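A.B. asks: Before anything else, here's the structure in question.
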Amino acid sequence: MRWLVGWSSIAANFGSAGVVGAADEGRTVHPVGSQLLWGDPDPLWAVGDWRPDEVRVVTADASAGPGGATPTTRIAVLGCCAASDEELRAGLLSTRGGALRHLTSWPGSYTAVVQVGRRVTIIGDLAGARPVFYTPWANGTAYATAALPLADLIEAQLDIGHLAALLACPETPEALRDSTPYEGVKRIPPGHALILREGSREITGYEPVASLAVAGPQMETERAVEGVRDALVEAVRARLTAPRHAPEFLPPDPGPVPGMGPAERRARRGAPAPGIGSDLSGGSASGTLALLAAGLPGVPGTVLGHGTGAGERLLAVTFNDLTEDGREPELERARAIAENPRLHHVVVAAGEEALPYAGLDNGPLTDEPAPSLVIAERHRARLASGSADHFTGAGARQVLDAHPARLADLLMDRRRRHLLRPVTALARAEGPSPQSLFIPLTVYRAARRLARTPYRTGLETAAGRLLEANRSGARALGAGPLNASLAALTWSRPGPAARWLTGEALAEVSVRLTAAATRPVSVQRPGEARARAALARHATVQRILEQAAEVRSQRIHAPFLDNQVVRACRDLPEALRVRPGARAEVLRTVLAGTGIRDLPPGWGATTHATSTATARKGLRAVLPHLIALFDAPLLADAGLVEARVIRKALRAASEGEPVPLDGLADLISTELWLRRLLSRRGTCWTGTAAPRRRAVAGGVPPRPTLRS
């Protein structure tokens, strides 16, 4: 886990090499295992196993500051950024006047921190994969790219209201607000920046917000797709032109093992291969990245010469779940793509040891809970066979596909004819039945209802509906693409775990929604707002997955979550997005623009990482352990659930009853995260003024308190 942390206060010397404050002369505090990027009066550290090329500090001048000739205009970029030092310096000079958006337009995935005098600006990304957190501390403001270090710094307690909102409405920003699982630690929204001036703080957005009443100008389809192509190519090239790396620490090889080659033995020891690689699941997103990375010019191998054997350019990894049926078409597409001579194909076969819910006792503590905790062992088995720099297609569905609520945006623009294709596809997906004739009318009515529902009315309706989410008669519409689309055609909807929450927990989240409805905000169009919320949720889940399934010396790259790719995908016309198969069509055009036209049959077919049947198998395999986990759960101590209700739901799910498994995954991962948090020892800080206790040292509060 890697993060950066810094702070700003009124005091001239705040703690990097001086004092914590005027009243605490001589007392210092700094993060454990940190690298100081710049010191007082507003220090900044990089913490964790950052690579040398991932941390860059560029200075625009060397004018005298407090204490001597200290650079006062400088920028720190942490992560993968393709901008040169001269480009960073030019961007830094433009920032003096307050412009920020240009600092997010370079290819790559990174966090930028700018200091101009005593003004410090920390810029978050558009998707939410690189969030920024802050908290008041010592007459100033501390900030970081992880919430747990700040919670340790202020000795924070759990925010039970946030956990309730996370379980009840995980895709509703109005319910989550700017809170985190820790009291007093706040999060800035995606597309915003945190500006600090001698301790005072300001949060400002750097992206234009679309009008609710009038649609923005639509870019031509051909030009928009070309923009996506250029953004994806530059995102992949940014990783290819970066220095290649080999694992810093490799466990000793025990020697030859029957049936296992050197690559399999290395993966078993938990170390990635040198060089660069990619997922190759048979889907269009991972296939696009693998083909682009294999075809673009780059620096082969590593500085030490690793990863250049037999002319190999890219290690393509396909995960084959031996317990799941019906994956033969995906494997065939992956094999067809891997026939490219610039790819080296590795198939990772896994059995029951890689089922969902496997290895729940072995995972690390993550920054916050997410349902990806229950599948971390499954992904770790795949990533261990990957490379030191590994591409993944995460986020492609969220940035390219049309959220069902975008149908309401089309109606607001009076473009009804563009609804014909998606509603026809829904009717075809439901199969032939007497009700299929009425599906287009049903979807049209739901979209029209959302288009005519004001933002405030929609949130107030959602708040009232949430109070009934746990009643026996109030159940979800059911499985299937039609029911999922109808449920998404609202301003806010309860999450799958809401049915198992207590009435008190639901009432607290309902109060949050009601308060948000009356709060003045810049309201977006319903489809755009729901799509951005879904992207932010997915980016958070992906971020936690990377922490939970982390392989030492490995970096996971998700180019579809990069700023310039997200921005280019947002320029795609709505009429193109809502077409069935639009994602595969766009990615096919992207590859054709780079000279890759020979794609396997079935390109663009829907793929799912984990099917419902596989999740049920994993749950059934560890049912006794899960029942023991909820024998005396911490969630029940917090007043969020009743233990007997969850145990009953677990048994019902293992027996094949229609129980929403994703809701159970939310509950199990949150309970698991709470236990890991309370069992941890030590803090992230050291020094004479370091916190005496870690975050949540007092345990879980007995009951949540309603707050307006």
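In the structure tokens, chains take letters A, B, ... by order of appearance, with residues numbered from 1 within each chain and ligands from 1 in the order shown.
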List every residue of segment 115-144 of chain A that has an atom at most 8 Å from any atom of segment 561-569 of chain A, giving for each one its closest atom pair and the distance in Å to one decimal, counting only C-alpha atoms, sorted by chain and then by ascending residue number, as a tab-separated table.
C.D. replies:
residue	atom	partner	partner_atom	distance
A:Asp125	CA	A:Asn563	CA	6.3
A:Leu126	CA	A:Asn563	CA	5.7
A:Ala127	CA	A:Leu561	CA	6.0
A:Ala129	CA	A:Leu561	CA	7.0
A.B. asks: Can you list, as a VMD selection string, all residues belonging to segment 344-532 of chain A that DSSP tags as helix (DSSP H, G or I)?
C.D. replies: chain A and resid 352 to 354 371 to 383 396 to 400 406 to 412 416 to 430 434 to 451 455 to 466 481 to 488 498 to 500 503 to 517 526 to 532
A.B. asks: Keeping only C-alpha atoms, write the selected residues as a compact mmCIF listing (two decimals), in the first residue's frame.
C.D. replies:
# COMPACT_ATOMS: atom_id res chain seq x y z
CA GLU A 352 -11.79 -24.71 -5.27
CA GLU A 353 -8.83 -22.90 -3.68
CA ALA A 354 -9.68 -19.83 -5.80
CA PRO A 371 -17.15 -6.32 -1.69
CA SER A 372 -13.92 -7.11 -3.53
CA LEU A 373 -12.48 -8.41 -0.24
CA VAL A 374 -14.31 -11.71 -0.67
CA ILE A 375 -12.72 -12.35 -4.10
CA ALA A 376 -9.22 -11.10 -3.27
CA GLU A 377 -7.71 -14.60 -3.10
CA ARG A 378 -9.24 -15.41 -6.49
CA HIS A 379 -7.61 -12.38 -8.10
CA ARG A 380 -4.32 -12.91 -6.26
CA ALA A 381 -4.00 -16.33 -7.90
CA ARG A 382 -4.27 -14.64 -11.29
CA LEU A 383 -2.05 -11.65 -10.55
CA ALA A 396 -14.27 -0.22 -19.40
CA ARG A 397 -17.91 -1.09 -18.84
CA GLN A 398 -18.46 1.96 -16.62
CA VAL A 399 -16.85 4.51 -18.96
CA LEU A 400 -18.07 3.13 -22.31
CA ARG A 406 -29.20 7.73 -19.74
CA LEU A 407 -32.45 6.82 -21.48
CA ALA A 408 -34.03 9.62 -19.46
CA ASP A 409 -31.40 12.04 -20.80
CA LEU A 410 -32.40 11.12 -24.34
CA LEU A 411 -36.05 11.86 -23.55
CA MET A 412 -35.09 15.21 -22.04
CA ARG A 416 -37.06 9.29 -28.57
CA ARG A 417 -36.09 7.32 -31.67
CA HIS A 418 -32.73 6.43 -30.10
CA LEU A 419 -34.58 4.39 -27.44
CA LEU A 420 -35.71 1.84 -30.02
CA ARG A 421 -32.52 -0.22 -30.14
CA PRO A 422 -31.89 -0.59 -26.37
CA VAL A 423 -35.51 -1.45 -25.49
CA THR A 424 -35.64 -3.96 -28.35
CA ALA A 425 -32.44 -5.56 -27.06
CA LEU A 426 -33.96 -5.81 -23.57
CA ALA A 427 -37.04 -7.52 -24.96
CA ARG A 428 -34.83 -9.95 -26.89
CA ALA A 429 -32.72 -10.67 -23.78
CA GLU A 430 -35.82 -11.55 -21.75
CA PRO A 434 -46.47 -12.87 -23.66
CA GLN A 435 -45.03 -10.05 -21.53
CA SER A 436 -42.16 -9.33 -23.92
CA LEU A 437 -44.47 -7.29 -26.15
CA PHE A 438 -44.96 -4.77 -23.35
CA ILE A 439 -41.27 -4.43 -22.41
CA PRO A 440 -40.57 -1.42 -24.69
CA LEU A 441 -43.57 0.44 -23.27
CA THR A 442 -42.58 -0.44 -19.69
CA VAL A 443 -39.03 0.84 -20.15
CA TYR A 444 -40.24 3.98 -21.93
CA ARG A 445 -42.61 4.82 -19.08
CA ALA A 446 -39.87 4.33 -16.48
CA ALA A 447 -37.45 6.54 -18.43
CA ARG A 448 -40.09 9.23 -18.92
CA ARG A 449 -40.94 9.14 -15.21
CA LEU A 450 -37.27 9.69 -14.31
CA ALA A 451 -36.91 12.50 -16.89
CA TYR A 455 -33.81 16.01 -8.26
CA ARG A 456 -35.30 16.95 -4.90
CA THR A 457 -38.44 14.88 -5.43
CA GLY A 458 -36.37 11.89 -6.51
CA LEU A 459 -34.22 11.94 -3.38
CA GLU A 460 -37.19 12.44 -1.08
CA THR A 461 -38.95 9.50 -2.73
CA ALA A 462 -35.82 7.38 -2.35
CA ALA A 463 -35.57 8.34 1.32
CA GLY A 464 -39.14 7.20 1.92
CA ARG A 465 -38.65 3.96 -0.01
CA LEU A 466 -35.49 3.19 1.94
CA PRO A 481 -31.54 -7.40 -17.46
CA LEU A 482 -35.04 -5.90 -17.62
CA ASN A 483 -35.53 -5.75 -13.86
CA ALA A 484 -32.00 -4.41 -13.37
CA SER A 485 -32.65 -1.64 -15.91
CA LEU A 486 -36.00 -0.69 -14.36
CA ALA A 487 -34.42 -0.53 -10.89
CA ALA A 488 -31.66 1.75 -12.22
CA ALA A 498 -30.38 -2.85 2.49
CA ARG A 499 -32.96 -5.62 3.01
CA TRP A 500 -30.93 -6.99 5.94
CA GLY A 503 -34.79 -0.09 10.86
CA GLU A 504 -32.62 2.30 12.84
CA ALA A 505 -29.76 2.05 10.33
CA LEU A 506 -32.11 2.63 7.41
CA ALA A 507 -33.67 5.59 9.21
CA GLU A 508 -30.26 7.23 9.59
CA VAL A 509 -29.50 6.83 5.89
CA SER A 510 -32.99 8.16 5.07
CA VAL A 511 -32.21 11.27 7.11
CA ARG A 512 -29.03 11.74 5.07
CA LEU A 513 -30.97 11.55 1.80
CA THR A 514 -33.64 13.95 3.03
CA ALA A 515 -31.02 16.46 4.11
CA ALA A 516 -29.23 16.15 0.75
CA ALA A 517 -32.49 16.86 -1.09
CA PRO A 526 -30.12 12.05 -14.15
CA GLY A 527 -28.33 9.72 -16.57
CA GLU A 528 -25.02 11.53 -16.31
CA ALA A 529 -25.26 11.78 -12.52
CA ARG A 530 -26.02 8.07 -12.10
CA ALA A 531 -23.26 7.08 -14.53
CA ARG A 532 -20.66 9.15 -12.66
A.B. asks: Pull the strand (DSSP E or B) assignments for segment 73-113 of chain A out of DSSP run on the backbone, and list those residues as a list of chain:residue names.
C.D. replies: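 Here is the list: A:Thr73, A:Arg74, A:Ile75, A:Ala76, A:Val77, A:Leu78, A:Gly79, A:Cys80, A:Cys81, A:Gly108, A:Ser109, A:Tyr110, A:Thr111, A:Ala112, A:Val113.
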A.B. asks: Which distance in Å separates atom CA of Tyr143 of chain A and atom CA of Gly6 of chain A, to one decimal?
C.D. replies: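 Computing it gives 5.5 Å between the two atoms.
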A.B. asks: Please report, as JSON lines, each residue of segment 184-250 of chain A lying at most 10 Å from segment 272-290 of chain A, together with the nearest pair of atoms and the separation in Å rounded to one decimal; use only C-alpha atoms, and order rows by chain and ascending residue number.
C.D. replies:
{"residue": "A:Leu232", "atom": "CA", "partner": "A:Leu289", "partner_atom": "CA", "distance": 8.3}
{"residue": "A:Val233", "atom": "CA", "partner": "A:Leu289", "partner_atom": "CA", "distance": 8.9}
{"residue": "A:Ala235", "atom": "CA", "partner": "A:Leu289", "partner_atom": "CA", "distance": 9.8}
{"residue": "A:Val236", "atom": "CA", "partner": "A:Leu289", "partner_atom": "CA", "distance": 7.4}
{"residue": "A:Arg239", "atom": "CA", "partner": "A:Ile276", "partner_atom": "CA", "distance": 8.7}
{"residue": "A:Leu240", "atom": "CA", "partner": "A:Ile276", "partner_atom": "CA", "distance": 7.9}
{"residue": "A:Pro243", "atom": "CA", "partner": "A:Gly275", "partner_atom": "CA", "distance": 9.2}
{"residue": "A:Arg244", "atom": "CA", "partner": "A:Gly275", "partner_atom": "CA", "distance": 5.5}
{"residue": "A:His245", "atom": "CA", "partner": "A:Gly275", "partner_atom": "CA", "distance": 5.9}
{"residue": "A:Ala246", "atom": "CA", "partner": "A:Pro274", "partner_atom": "CA", "distance": 4.3}
{"residue": "A:Pro247", "atom": "CA", "partner": "A:Pro274", "partner_atom": "CA", "distance": 6.5}
{"residue": "A:Glu248", "atom": "CA", "partner": "A:Pro274", "partner_atom": "CA", "distance": 9.9}
{"residue": "A:Leu250", "atom": "CA", "partner": "A:Pro272", "partner_atom": "CA", "distance": 9.0}
A.B. asks: Give me, as number ranges by chain, all polymer residues having an atom no more than 10 Å from Gly295 of chain A, counting only C-alpha atoms and skipping those fewer than 3 positions away in the same chain.
C.D. replies: A: 289-292, 298, 313-314, 340, 342-343, 594-596
A.B. asks: Atoms to include: N, CA, C and O atoms. Write the selected residues as a PDB file, in the first residue's frame.
C.D. replies:
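File written: result_36.pdb
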ATOM      1  N   LEU A 289      -6.447  -3.912 -24.611  1.00  0.00           N
ATOM      2  CA  LEU A 289      -5.219  -3.471 -23.958  1.00  0.00           C
ATOM      3  C   LEU A 289      -4.045  -4.388 -24.295  1.00  0.00           C
ATOM      4  O   LEU A 289      -2.918  -3.923 -24.519  1.00  0.00           O
ATOM      5  N   ALA A 290      -4.300  -5.716 -24.333  1.00  0.00           N
ATOM      6  CA  ALA A 290      -3.220  -6.648 -24.648  1.00  0.00           C
ATOM      7  C   ALA A 290      -2.705  -6.429 -26.070  1.00  0.00           C
ATOM      8  O   ALA A 290      -1.489  -6.419 -26.317  1.00  0.00           O
ATOM      9  N   LEU A 291      -3.615  -6.230 -27.025  1.00  0.00           N
ATOM     10  CA  LEU A 291      -3.194  -6.031 -28.404  1.00  0.00           C
ATOM     11  C   LEU A 291      -2.495  -4.691 -28.590  1.00  0.00           C
ATOM     12  O   LEU A 291      -1.519  -4.584 -29.346  1.00  0.00           O
ATOM     13  N   LEU A 292      -2.993  -3.641 -27.919  1.00  0.00           N
ATOM     14  CA  LEU A 292      -2.332  -2.345 -28.012  1.00  0.00           C
ATOM     15  C   LEU A 292      -0.931  -2.403 -27.407  1.00  0.00           C
ATOM     16  O   LEU A 292       0.037  -1.883 -27.984  1.00  0.00           O
ATOM     17  N   GLY A 298       7.839   0.130 -27.680  1.00  0.00           N
ATOM     18  CA  GLY A 298       8.208   0.416 -26.300  1.00  0.00           C
ATOM     19  C   GLY A 298       9.602  -0.091 -26.022  1.00  0.00           C
ATOM     20  O   GLY A 298      10.321  -0.562 -26.908  1.00  0.00           O
ATOM     21  N   ARG A 313       7.218  -9.797 -25.882  1.00  0.00           N
ATOM     22  CA  ARG A 313       6.921  -8.414 -25.588  1.00  0.00           C
ATOM     23  C   ARG A 313       5.921  -8.268 -24.455  1.00  0.00           C
ATOM     24  O   ARG A 313       5.960  -7.321 -23.708  1.00  0.00           O
ATOM     25  N   LEU A 314       4.993  -9.218 -24.358  1.00  0.00           N
ATOM     26  CA  LEU A 314       3.916  -9.059 -23.388  1.00  0.00           C
ATOM     27  C   LEU A 314       3.490 -10.416 -22.869  1.00  0.00           C
ATOM     28  O   LEU A 314       3.302 -11.364 -23.643  1.00  0.00           O
ATOM     29  N   ASN A 340      -1.125 -14.003 -31.562  1.00  0.00           N
ATOM     30  CA  ASN A 340      -0.223 -12.912 -31.946  1.00  0.00           C
ATOM     31  C   ASN A 340       1.193 -13.271 -31.495  1.00  0.00           C
ATOM     32  O   ASN A 340       1.432 -13.576 -30.328  1.00  0.00           O
ATOM     33  N   ARG A 342       3.628 -11.589 -30.727  1.00  0.00           N
ATOM     34  CA  ARG A 342       4.229 -10.692 -29.739  1.00  0.00           C
ATOM     35  C   ARG A 342       3.615 -10.896 -28.363  1.00  0.00           C
ATOM     36  O   ARG A 342       3.869 -10.111 -27.457  1.00  0.00           O
ATOM     37  N   LEU A 343       2.810 -11.953 -28.219  1.00  0.00           N
ATOM     38  CA  LEU A 343       2.210 -12.285 -26.936  1.00  0.00           C
ATOM     39  C   LEU A 343       2.722 -13.636 -26.459  1.00  0.00           C
ATOM     40  O   LEU A 343       2.908 -14.562 -27.260  1.00  0.00           O
ATOM     41  N   THR A 594      -5.439   1.561 -35.142  1.00  0.00           N
ATOM     42  CA  THR A 594      -4.018   1.290 -34.896  1.00  0.00           C
ATOM     43  C   THR A 594      -3.483   0.167 -35.779  1.00  0.00           C
ATOM     44  O   THR A 594      -2.373  -0.318 -35.554  1.00  0.00           O
ATOM     45  N   GLY A 595      -4.310  -0.285 -36.746  1.00  0.00           N
ATOM     46  CA  GLY A 595      -3.856  -1.301 -37.683  1.00  0.00           C
ATOM     47  C   GLY A 595      -4.166  -2.718 -37.277  1.00  0.00           C
ATOM     48  O   GLY A 595      -3.677  -3.659 -37.917  1.00  0.00           O
ATOM     49  N   ILE A 596      -4.973  -2.938 -36.246  1.00  0.00           N
ATOM     50  CA  ILE A 596      -5.311  -4.288 -35.784  1.00  0.00           C
ATOM     51  C   ILE A 596      -6.756  -4.564 -36.190  1.00  0.00           C
ATOM     52  O   ILE A 596      -7.693  -3.994 -35.623  1.00  0.00           O
TER      53      ILE A 596
END
